[in-house]
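Enquirer: One file: final.tsv (TSV, C-alpha atoms).
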chain	number	residue	atom	x	y	z
A	1	MET	CA	15.88	3.54	39.07
A	2	SER	CA	17.48	3.98	35.66
A	3	PRO	CA	21.13	2.91	35.42
A	4	CYS	CA	21.89	6.19	33.69
A	5	SER	CA	22.40	9.20	35.88
A	6	ARG	CA	20.54	12.24	34.59
A	7	ARG	CA	21.71	15.80	34.04
A	8	ASN	CA	20.45	18.76	32.06
A	9	PHE	CA	20.93	18.69	28.27
A	10	ASN	CA	23.62	21.08	27.06
A	11	PRO	CA	23.86	21.14	23.23
A	12	THR	CA	27.32	22.74	23.28
A	13	GLN	CA	28.80	19.67	25.00
A	14	ILE	CA	27.58	17.22	22.33
A	15	ASN	CA	28.96	16.52	18.87
A	16	SER	CA	25.59	16.80	17.12
A	17	GLU	CA	26.76	15.47	13.73
A	18	GLU	CA	28.22	12.34	15.31
A	19	ILE	CA	25.12	11.83	17.46
A	20	ASN	CA	22.85	12.27	14.45
A	21	SER	CA	24.78	9.71	12.41
A	22	ILE	CA	24.69	7.16	15.22
A	23	LEU	CA	20.96	7.64	15.85
A	24	ARG	CA	20.13	7.30	12.16
A	25	ALA	CA	22.23	4.14	11.93
A	26	ILE	CA	20.44	2.58	14.91
A	27	ILE	CA	17.00	3.42	13.54
A	28	ILE	CA	17.85	2.18	10.03
A	29	ALA	CA	19.13	-1.11	11.47
A	30	ARG	CA	15.66	-1.68	12.93
A	31	THR	CA	13.68	-0.16	10.05
A	32	LYS	CA	11.96	-3.43	9.12
A	33	GLU	CA	9.75	-3.44	12.24
A	34	GLY	CA	10.50	0.00	13.63
A	35	ALA	CA	12.65	0.96	16.61
A	36	THR	CA	11.26	1.77	20.04
A	37	LEU	CA	12.78	4.46	22.23
A	38	ASP	CA	14.02	1.81	24.67
A	39	GLU	CA	15.75	-0.07	21.85
A	40	ILE	CA	17.42	3.12	20.62
A	41	ILE	CA	18.67	3.95	24.12
A	42	GLU	CA	19.89	0.38	24.65
A	43	ASP	CA	21.67	0.14	21.27
A	44	PHE	CA	23.30	3.54	21.75
A	45	LYS	CA	24.69	2.48	25.13
A	46	GLU	CA	26.01	-0.85	23.73
A	47	ASN	CA	27.78	0.80	20.80
A	48	ASN	CA	29.12	3.94	22.47
A	49	ASP	CA	29.32	3.19	26.22
A	50	GLU	CA	27.26	6.31	26.80
A	51	CYS	CA	23.66	6.70	27.87
A	52	LEU	CA	21.30	9.00	26.00
A	53	LEU	CA	19.44	9.71	29.24
A	54	THR	CA	22.71	10.95	30.75
A	55	MET	CA	23.36	13.18	27.76
A	56	PHE	CA	19.86	14.58	27.26
A	57	GLY	CA	18.38	14.40	30.75
A	58	ASP	CA	14.99	12.78	30.05
A	59	ARG	CA	13.02	10.88	27.42
A	60	GLU	CA	11.00	13.89	26.29
A	61	THR	CA	14.17	15.73	25.32
A	62	ILE	CA	15.43	12.68	23.39
A	63	VAL	CA	12.13	12.42	21.49
A	64	HIS	CA	12.14	16.13	20.71
A	65	TYR	CA	15.75	15.93	19.47
A	66	MET	CA	15.16	12.89	17.22
A	67	ARG	CA	12.09	14.48	15.67
A	68	GLY	CA	14.39	17.21	14.38
A	69	LEU	CA	16.57	14.74	12.46
A	70	GLU	CA	16.15	14.82	8.69
A	71	GLY	CA	14.45	11.71	7.31
A	72	VAL	CA	13.33	10.44	10.74
A	73	TRP	CA	9.61	9.80	11.23
A	74	THR	CA	7.36	7.89	13.60
A	75	SER	CA	4.36	5.60	13.56
A	76	PHE	CA	2.18	4.96	16.61
A	77	HIS	CA	1.33	1.27	17.13
A	78	GLU	CA	-1.88	0.92	19.12
A	79	PRO	CA	-3.32	-0.37	21.39
A	80	HIS	CA	-0.50	-2.62	22.67
A	81	GLY	CA	2.69	-1.09	21.36
A	82	PRO	CA	4.82	2.03	21.77
A	83	LEU	CA	5.88	4.72	19.33
A	84	LEU	CA	8.01	3.28	16.50
A	85	TRP	CA	10.83	5.19	14.85
A	86	TYR	CA	11.88	4.92	11.18
A	87	CYS	CA	14.53	6.62	9.07
A	88	ASN	CA	14.77	6.92	5.30
A	89	THR	CA	16.93	9.38	3.35
A	90	SER	CA	18.22	9.43	-0.20
A	91	LYS	CA	21.70	8.39	0.96
A	92	THR	CA	20.42	5.46	3.07
A	93	GLN	CA	17.65	4.24	0.75
A	94	HIS	CA	19.66	1.18	-0.35
A	95	LEU	CA	20.30	0.17	3.27
A	96	SER	CA	16.62	0.53	4.20
A	97	ASN	CA	15.53	-1.59	1.23
A	98	MET	CA	18.09	-4.28	2.06
A	99	ILE	CA	16.95	-4.49	5.69
A	100	LYS	CA	13.25	-4.51	4.78
A	101	ASN	CA	13.79	-7.43	2.41
A	102	GLN	CA	15.44	-9.57	5.08
A	103	LYS	CA	13.41	-12.42	6.51
A	104	SER	CA	11.68	-11.63	9.79
A	105	PRO	CA	12.38	-13.77	12.88
A	106	ARG	CA	9.69	-16.27	13.84
A	107	GLY	CA	8.86	-14.54	17.07
A	108	SER	CA	10.08	-12.11	19.70
A	109	LYS	CA	9.68	-12.79	23.40
A	110	LYS	CA	11.05	-9.39	24.36
A	111	TYR	CA	8.44	-7.42	22.40
A	112	PRO	CA	5.38	-9.69	21.97
A	113	TRP	CA	3.24	-6.82	20.64
A	114	ARG	CA	5.22	-6.97	17.37
A	115	ASN	CA	3.41	-10.20	16.45
A	116	GLN	CA	-0.06	-8.91	17.35
A	117	PRO	CA	-2.34	-7.39	14.71
A	118	ALA	CA	-3.06	-3.79	15.57
A	119	ARG	CA	-4.30	-0.65	13.89
A	120	MET	CA	-1.50	1.65	12.78
A	121	ILE	CA	-1.71	5.44	12.65
A	122	TYR	CA	0.97	7.19	10.57
A	123	THR	CA	2.29	10.47	11.95
A	124	SER	CA	4.89	12.57	10.18
A	125	SER	CA	7.67	13.96	12.34
A	126	SER	CA	10.46	15.28	10.12
A	127	ASN	CA	11.70	18.74	11.01
A	128	VAL	CA	10.29	21.91	9.54
A	129	VAL	CA	13.62	23.02	8.16
A	130	ALA	CA	14.04	19.89	6.03
A	131	GLY	CA	10.47	20.25	4.77
A	132	SER	CA	7.74	17.66	4.26
A	133	SER	CA	9.21	16.20	1.06
A	134	SER	CA	11.56	13.92	2.99
A	135	THR	CA	8.65	12.65	5.02
A	136	LEU	CA	6.63	11.87	1.89
A	137	MET	CA	9.60	10.09	0.39
A	138	ALA	CA	9.99	7.95	3.49
A	139	ALA	CA	6.30	7.14	3.61
A	140	SER	CA	5.96	6.24	-0.05
A	141	ASN	CA	9.14	4.16	-0.31
A	142	GLY	CA	8.42	2.02	2.75
A	143	SER	CA	6.41	-1.17	2.66
A	144	GLY	CA	3.48	-2.16	4.86
A	145	GLN	CA	4.02	-4.16	8.03
A	146	ARG	CA	1.68	-6.93	6.99
A	147	GLU	CA	1.62	-7.41	3.26
A	148	LYS	CA	-1.18	-9.81	2.36
A	149	PHE	CA	-1.11	-9.40	-1.39
A	150	PHE	CA	-1.15	-12.29	-3.78
A	151	ASP	CA	1.07	-13.14	-6.64
A	152	ASP	CA	-0.13	-14.03	-10.11
A	153	ASN	CA	-0.83	-17.30	-11.87
A	154	ILE	CA	2.72	-17.74	-13.10
A	155	ASN	CA	4.15	-18.10	-9.59
A	156	PHE	CA	1.08	-19.52	-7.88
A	157	VAL	CA	0.30	-22.52	-10.10
A	158	PRO	CA	3.10	-25.09	-10.59
A	159	LYS	CA	3.50	-27.10	-13.77
A	160	ARG	CA	2.61	-30.34	-12.03
A	161	ASN	CA	0.09	-31.31	-9.35
A	162	ALA	CA	-1.62	-27.92	-9.37
A	163	TRP	CA	-4.74	-29.46	-7.85
A	164	ASN	CA	-3.09	-30.44	-4.55
A	165	ARG	CA	-0.43	-27.74	-4.12
A	166	VAL	CA	-2.35	-25.81	-1.44
A	167	GLN	CA	-2.99	-28.98	0.56
A	168	LEU	CA	0.72	-29.86	0.52
A	169	GLN	CA	1.81	-26.35	1.44
A	170	GLN	CA	-0.58	-26.11	4.35
A	171	ARG	CA	1.20	-29.03	6.00
A	172	THR	CA	4.40	-26.99	6.10
A	173	PRO	CA	4.75	-25.14	9.47
A	174	GLY	CA	6.06	-21.90	7.96
A	175	TYR	CA	3.48	-21.72	5.15
A	176	HIS	CA	1.35	-18.58	4.98
A	177	PRO	CA	-0.97	-18.44	1.94
A	178	TYR	CA	-1.20	-14.65	1.84
A	179	MET	CA	2.47	-13.66	1.85
A	180	PRO	CA	4.01	-12.88	-1.55
A	181	PRO	CA	7.35	-14.42	-2.53
A	182	GLN	CA	10.29	-12.41	-1.24
A	183	ARG	CA	11.70	-11.82	-4.71
A	184	ARG	CA	8.55	-9.90	-5.68
A	185	GLN	CA	9.17	-7.23	-3.06
A	186	VAL	CA	11.79	-5.30	-5.07
A	187	GLN	CA	10.43	-3.62	-8.18
A	188	PRO	CA	12.38	-1.98	-11.02
A	189	LYS	CA	12.70	1.73	-10.34
A	190	THR	CA	12.90	2.60	-14.02
A	191	GLN	CA	9.21	1.89	-14.68
A	192	ARG	CA	7.87	4.44	-12.23
A	193	GLY	CA	9.45	7.46	-13.91
A	194	TYR	CA	7.85	6.53	-17.24
A	195	TYR	CA	4.30	6.39	-15.96
A	196	SER	CA	4.41	8.99	-13.17
A	197	SER	CA	4.48	12.75	-13.10
A	198	MET	CA	4.20	12.94	-9.29
A	199	GLN	CA	6.99	10.50	-8.54
A	200	ASN	CA	7.42	8.88	-5.11
A	201	ILE	CA	4.16	10.33	-3.77
A	202	VAL	CA	1.04	8.60	-5.12
A	203	PRO	CA	0.46	6.02	-7.89
A	204	ASN	CA	0.27	7.70	-11.30
A	205	PHE	CA	-0.23	6.30	-14.78
A	206	CYS	CA	0.69	8.47	-17.77
A	207	GLY	CA	0.16	11.63	-15.72
A	208	TYR	CA	-3.18	10.50	-14.21
A	209	GLN	CA	-3.40	9.82	-10.49
A	210	MET	CA	-4.79	6.35	-9.85
A	211	ILE	CA	-7.70	5.95	-7.42
A	212	GLY	CA	-9.33	2.60	-6.86
A	213	ASP	CA	-9.69	-0.69	-5.02
A	214	ASP	CA	-7.59	-3.86	-4.93
A	215	PHE	CA	-7.48	-4.12	-8.73
A	216	PHE	CA	-5.77	-0.76	-9.19
A	217	LEU	CA	-3.71	-1.40	-6.06
A	218	SER	CA	-2.31	-4.60	-7.60
A	219	LEU	CA	-1.59	-2.71	-10.83
A	220	ALA	CA	0.29	0.03	-8.96
A	221	ARG	CA	2.19	-2.42	-6.77
A	222	TRP	CA	3.25	-5.15	-9.17
A	223	GLU	CA	3.41	-3.41	-12.55
A	224	LEU	CA	4.22	0.25	-11.80
A	225	GLY	CA	6.57	-0.40	-8.87
A	226	TYR	CA	4.83	1.62	-6.14
A	227	SER	CA	5.18	0.52	-2.52
A	228	PHE	CA	2.47	0.11	0.09
A	229	ASP	CA	2.20	3.06	2.46
A	230	PRO	CA	3.73	2.11	5.84
A	231	GLY	CA	1.83	2.20	9.10
A	232	HIS	CA	-1.48	0.71	7.91
A	233	THR	CA	-3.05	-2.67	8.59
A	234	ILE	CA	-5.12	-2.27	5.41
A	235	GLN	CA	-2.84	-2.17	2.38
A	236	GLN	CA	-2.87	1.07	0.44
A	237	SER	CA	-0.73	3.16	-1.85
A	238	GLY	CA	-1.95	6.73	-2.08
A	239	LEU	CA	-5.68	6.51	-2.83
A	240	CYS	CA	-5.45	2.96	-4.18
A	241	ILE	CA	-6.79	1.19	-1.10
A	242	SER	CA	-7.73	-2.41	-0.45
A	243	GLY	CA	-11.48	-2.78	0.08
A	244	LEU	CA	-12.26	0.79	-1.05
A	245	THR	CA	-16.00	1.43	-1.54
A	246	ILE	CA	-17.53	4.29	-3.53
A	247	ALA	CA	-18.73	6.10	-0.40
A	248	GLU	CA	-15.33	5.81	1.29
A	249	ALA	CA	-13.63	7.04	-1.88
A	250	ALA	CA	-15.83	10.16	-1.81
A	251	ASP	CA	-14.85	10.86	1.81
A	252	ARG	CA	-11.14	10.35	1.13
A	253	VAL	CA	-11.13	12.52	-2.00
A	254	MET	CA	-12.86	15.31	-0.07
A	255	LYS	CA	-10.13	15.22	2.61
A	256	ALA	CA	-7.15	14.41	0.36
A	257	THR	CA	-4.19	16.77	0.63
A	258	VAL	CA	-2.40	15.36	-2.42
A	259	LEU	CA	-4.71	15.24	-5.44
A	260	ASN	CA	-3.74	15.58	-9.08
A	261	ASP	CA	-5.82	17.65	-11.48
A	262	ARG	CA	-6.26	14.51	-13.63
A	263	VAL	CA	-7.51	11.23	-12.15
A	264	ILE	CA	-8.30	7.77	-13.47
A	265	LEU	CA	-10.86	5.98	-11.28
A	266	HIS	CA	-11.70	2.28	-10.86
A	267	ILE	CA	-14.33	1.74	-8.19
A	268	GLY	CA	-17.44	-0.35	-7.43
A	269	VAL	CA	-16.26	-3.97	-7.14
A	270	VAL	CA	-16.24	-3.95	-3.33
A	271	ASP	CA	-19.78	-2.52	-3.24
A	272	LEU	CA	-20.98	-5.32	-5.51
A	273	LEU	CA	-19.29	-8.06	-3.48
A	274	HIS	CA	-20.72	-6.65	-0.24
A	275	GLY	CA	-24.27	-6.62	-1.65
A	276	HIS	CA	-24.85	-2.87	-1.81
A	277	ASP	CA	-28.01	-1.83	-3.66
A	278	TYR	CA	-27.59	-0.33	-7.11
A	279	VAL	CA	-29.47	2.82	-6.04
A	280	ASP	CA	-26.99	3.40	-3.22
A	281	MET	CA	-24.05	2.80	-5.55
A	282	GLN	CA	-25.52	5.28	-8.02
A	283	MET	CA	-26.00	7.99	-5.38
A	284	ASP	CA	-22.49	7.43	-3.98
A	285	LEU	CA	-20.94	7.69	-7.44
A	286	LEU	CA	-22.83	10.89	-8.22
A	287	ARG	CA	-21.61	12.35	-4.93
A	288	LEU	CA	-18.03	11.31	-5.72
A	289	MET	CA	-18.16	12.91	-9.17
A	290	ARG	CA	-19.62	16.09	-7.67
A	291	ILE	CA	-16.70	16.28	-5.21
A	292	PHE	CA	-14.23	15.89	-8.08
A	293	GLU	CA	-15.97	18.70	-9.95
A	294	GLU	CA	-15.86	20.99	-6.92
A	295	ARG	CA	-12.11	20.36	-6.58
A	296	GLY	CA	-11.51	21.06	-10.26
A	297	VAL	CA	-10.35	17.53	-11.06
A	298	ARG	CA	-10.75	15.98	-14.51
A	299	VAL	CA	-11.84	12.35	-14.03
A	300	ILE	CA	-11.72	9.36	-16.35
A	301	LEU	CA	-13.78	6.45	-15.04
A	302	THR	CA	-13.31	2.83	-16.00
A	303	THR	CA	-16.03	0.26	-16.34
A	304	LEU	CA	-15.61	-2.85	-14.22
A	305	SER	CA	-14.09	-6.00	-15.64
A	306	PRO	CA	-16.16	-9.18	-15.13
A	307	ILE	CA	-16.19	-10.34	-11.52
A	308	ALA	CA	-14.78	-13.81	-11.99
A	309	ASN	CA	-16.00	-15.38	-8.74
A	310	SER	CA	-19.55	-13.93	-8.94
A	311	SER	CA	-20.51	-14.47	-12.59
A	312	HIS	CA	-22.89	-17.25	-11.53
A	313	MET	CA	-24.85	-15.04	-9.10
A	314	PRO	CA	-27.79	-13.31	-10.86
A	315	GLY	CA	-28.10	-10.53	-8.27
A	316	VAL	CA	-24.47	-9.51	-8.58
A	317	VAL	CA	-24.51	-9.80	-12.38
A	318	ASN	CA	-27.60	-7.56	-12.68
A	319	ARG	CA	-26.13	-4.84	-10.44
A	320	TYR	CA	-22.79	-5.15	-12.24
A	321	SER	CA	-24.46	-4.59	-15.64
A	322	GLN	CA	-26.49	-1.65	-14.32
A	323	PHE	CA	-23.39	-0.01	-12.85
A	324	ASN	CA	-21.40	-0.35	-16.06
A	325	SER	CA	-24.36	1.02	-18.04
A	326	LEU	CA	-24.50	4.02	-15.69
A	327	ILE	CA	-20.84	4.82	-16.47
A	328	ARG	CA	-21.33	4.38	-20.22
A	329	ASN	CA	-24.58	6.35	-20.50
A	330	SER	CA	-23.69	9.31	-18.27
A	331	ASN	CA	-21.95	12.39	-19.58
A	332	TRP	CA	-18.57	11.32	-18.18
A	333	CYS	CA	-15.25	10.42	-19.74
A	334	TYR	CA	-14.72	6.69	-19.40
A	335	ILE	CA	-12.61	3.76	-20.59
A	336	ASP	CA	-14.44	0.48	-21.14
A	337	LEU	CA	-12.22	-2.07	-19.34
A	338	TYR	CA	-14.95	-4.66	-19.83
A	339	ARG	CA	-13.84	-5.02	-23.47
A	340	CYS	CA	-10.34	-5.99	-22.32
A	341	PHE	CA	-11.55	-9.12	-20.48
A	342	VAL	CA	-14.15	-10.61	-22.84
A	343	ASN	CA	-13.96	-12.07	-26.33
A	344	GLU	CA	-16.17	-11.25	-29.31
A	345	ARG	CA	-18.90	-13.48	-27.86
A	346	HIS	CA	-18.75	-11.63	-24.50
A	347	ASN	CA	-17.31	-14.68	-22.75
A	348	THR	CA	-15.02	-13.87	-19.83
A	349	LEU	CA	-11.30	-14.44	-20.43
A	350	TYR	CA	-10.56	-16.35	-17.22
A	351	GLU	CA	-6.92	-16.81	-18.21
A	352	CYS	CA	-6.46	-13.13	-17.26
A	353	TYR	CA	-7.44	-13.77	-13.64
A	354	GLN	CA	-5.78	-15.44	-10.68
A	355	PRO	CA	-6.61	-19.16	-10.30
A	356	GLY	CA	-9.01	-18.68	-7.38
A	357	PRO	CA	-10.49	-16.21	-4.88
A	358	ARG	CA	-8.18	-14.90	-2.16
A	359	HIS	CA	-8.79	-12.76	0.89
A	360	VAL	CA	-7.55	-9.16	0.80
A	361	SER	CA	-6.65	-6.94	3.73
A	362	GLY	CA	-9.48	-4.41	3.30
A	363	SER	CA	-12.50	-6.69	2.81
A	364	ASN	CA	-13.96	-9.88	4.23
A	365	GLN	CA	-15.13	-10.88	0.76
A	366	PRO	CA	-12.68	-12.92	-1.37
A	367	HIS	CA	-11.45	-11.32	-4.59
A	368	VAL	CA	-10.27	-12.85	-7.86
A	369	LEU	CA	-7.76	-10.25	-9.02
A	370	TRP	CA	-6.04	-9.85	-12.39
A	371	ASN	CA	-2.95	-11.99	-12.87
A	372	LYS	CA	0.25	-11.01	-14.67
A	373	LEU	CA	-1.32	-11.50	-18.10
A	374	GLY	CA	-4.39	-9.47	-17.15
A	375	ARG	CA	-2.36	-6.62	-15.70
A	376	GLN	CA	-0.19	-6.43	-18.81
A	377	ARG	CA	-3.31	-6.32	-21.00
A	378	ILE	CA	-4.65	-3.47	-18.85
A	379	ILE	CA	-1.41	-1.50	-19.19
A	380	LYS	CA	-1.46	-1.70	-23.00
A	381	PHE	CA	-5.22	-1.07	-23.20
A	382	LEU	CA	-5.10	1.99	-20.93
A	383	LYS	CA	-2.19	3.54	-22.84
A	384	THR	CA	-4.13	3.14	-26.09
A	385	GLN	CA	-7.38	4.53	-24.69
A	386	LEU	CA	-5.84	7.44	-22.79
A	387	ALA	CA	-4.51	8.80	-26.07
A	388	ARG	CA	-8.09	9.85	-26.88
A	389	PHE	CA	-8.19	12.22	-23.89
A	390	ILE	CA	-4.80	13.91	-24.30
Mind turning this structure into structure tokens?

Expert:
Amino acid sequence: MSPCSRRNFNPTQINSEEINSILRAIIIARTKEGATLDEIIEDFKENNDECLLTMFGDRETIVHYMRGLEGVWTSFHEPHGPLLWYCNTSKTQHLSNMIKNQKSPRGSKKYPWRNQPARMIYTSSSNVVAGSSSTLMAASNGSGQREKFFDDNINFVPKRNAWNRVQLQQRTPGYHPYMPPQRRQVQPKTQRGYYSSMQNIVPNFCGYQMIGDDFFLSLARWELGYSFDPGHTIQQSGLCISGLTIAEAADRVMKATVLNDRVILHIGVVDLLHGHDYVDMQMDLLRLMRIFEERGVRVILTTLSPIANSSHMPGVVNRYSQFNSLIRNSNWCYIDLYRCFVNERHNTLYECYQPGPRHVSGSNQPHVLWNKLGRQRIIKFLKTQLARFI
């Protein structure tokens, strides 16, 4: 039996503004991992000596009421966890960012499902009156629950004893090789406005929506200041998705609700690493370009930079060369990123890549991504090349 006695909900007997402020404060305080309904009820009773069940009558009424709050949204954690509540408004953005950047506790005995990997499904639940823009803002400004991205060479390789750093770190109990340093989580907000025309929604570069795999995802995250979309085990920001294949990109573009009329596309690395045949890659790319044409989207493709951890594998190299030749020889607009990562003798510039292959959240094949130097070269190169298409 619940300790709270229940009665019917009467809106006239409740100070709605005060209730709304308290509920938002409770949800924001738990915004790092999300707040469950039980936690909200418990925190409300501790802070106000009143029970939400007494005020509203039942849980369904509480859920329905909170879904009408501006800036409040939910994410369903399956299969072991309950519905999680989040809150993010323009006035509380600084509080949400501060709480998200706090260090997480080592474990929770009360809610063990928080430490279990599970598939997340994002569901928007802001009210109709406030509109969907607040929901998109909350979704784009949040960060993923499990960020497994990797930092660049500058922070990864120390000045001394670089050869045994990983061995020494692995002996430390709290070491996790896939978590980025905490100071990299906050990005300058001034950069995004310069490169984006659809701010706070999807990654954009100079007015072109970015679509691609982990390489474009790292560019959007670390250089352009975009956050990972919350509520996903696989890291993604808009249509820049970890482990994105050509076929999956075609399906997502077909179903996309937010799609710019100008797109810059980097795709194909995951297909090569997973051993897909060149014929299949060619057919998938033709299908993707046909979908773009049907949706009236102007596309600029990019050739693939050298795959640093597969340059010694003849099968991968042959399919890589065929795929780049397909992009160059077809009647498509393209930017040759290959030129940005080789010298005049066509030798790969390995100083533009991370020091070794790392696992990414969307693929079981290790990737050697661009480091800070490589990403900065890409930014300058793309700005120069895009001038030809404006």

Enquirer: Rank A:Asn260, A:Pro203, A:Leu244, A:Gly212 by their smallest atom-to-atom distance to A:Ser227, using all atoms listed in the file, and report the top residue only.

Expert: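 Of all the options, A:Pro203 lies closest to A:Ser227.
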
Enquirer: Find the residue from A:Val258, A:Ala249, A:Leu219, A:Leu272 that sits nearest to A:Arg377; use only C-alpha atoms when measuring.

Expert: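 The shortest atom-to-atom distance to A:Arg377 comes from A:Leu219.
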
Enquirer: Using only C-alpha atoms, which protein or nucleic acid residues come within 10 Å of A:Asp251? Drop anything in the same chain fewer than 5 positions from it, and give the result as a list in words.

Expert: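 Everything that qualifies: Ile246, Ala256, Arg287, Leu288 and Ile291 of chain A.
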
Enquirer: What is the atom CA of A:Met210-atom CA of A:Cys240 distance in Å, reported with one decimal?

Expert: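 Interatomic distance here is 6.6 Å.
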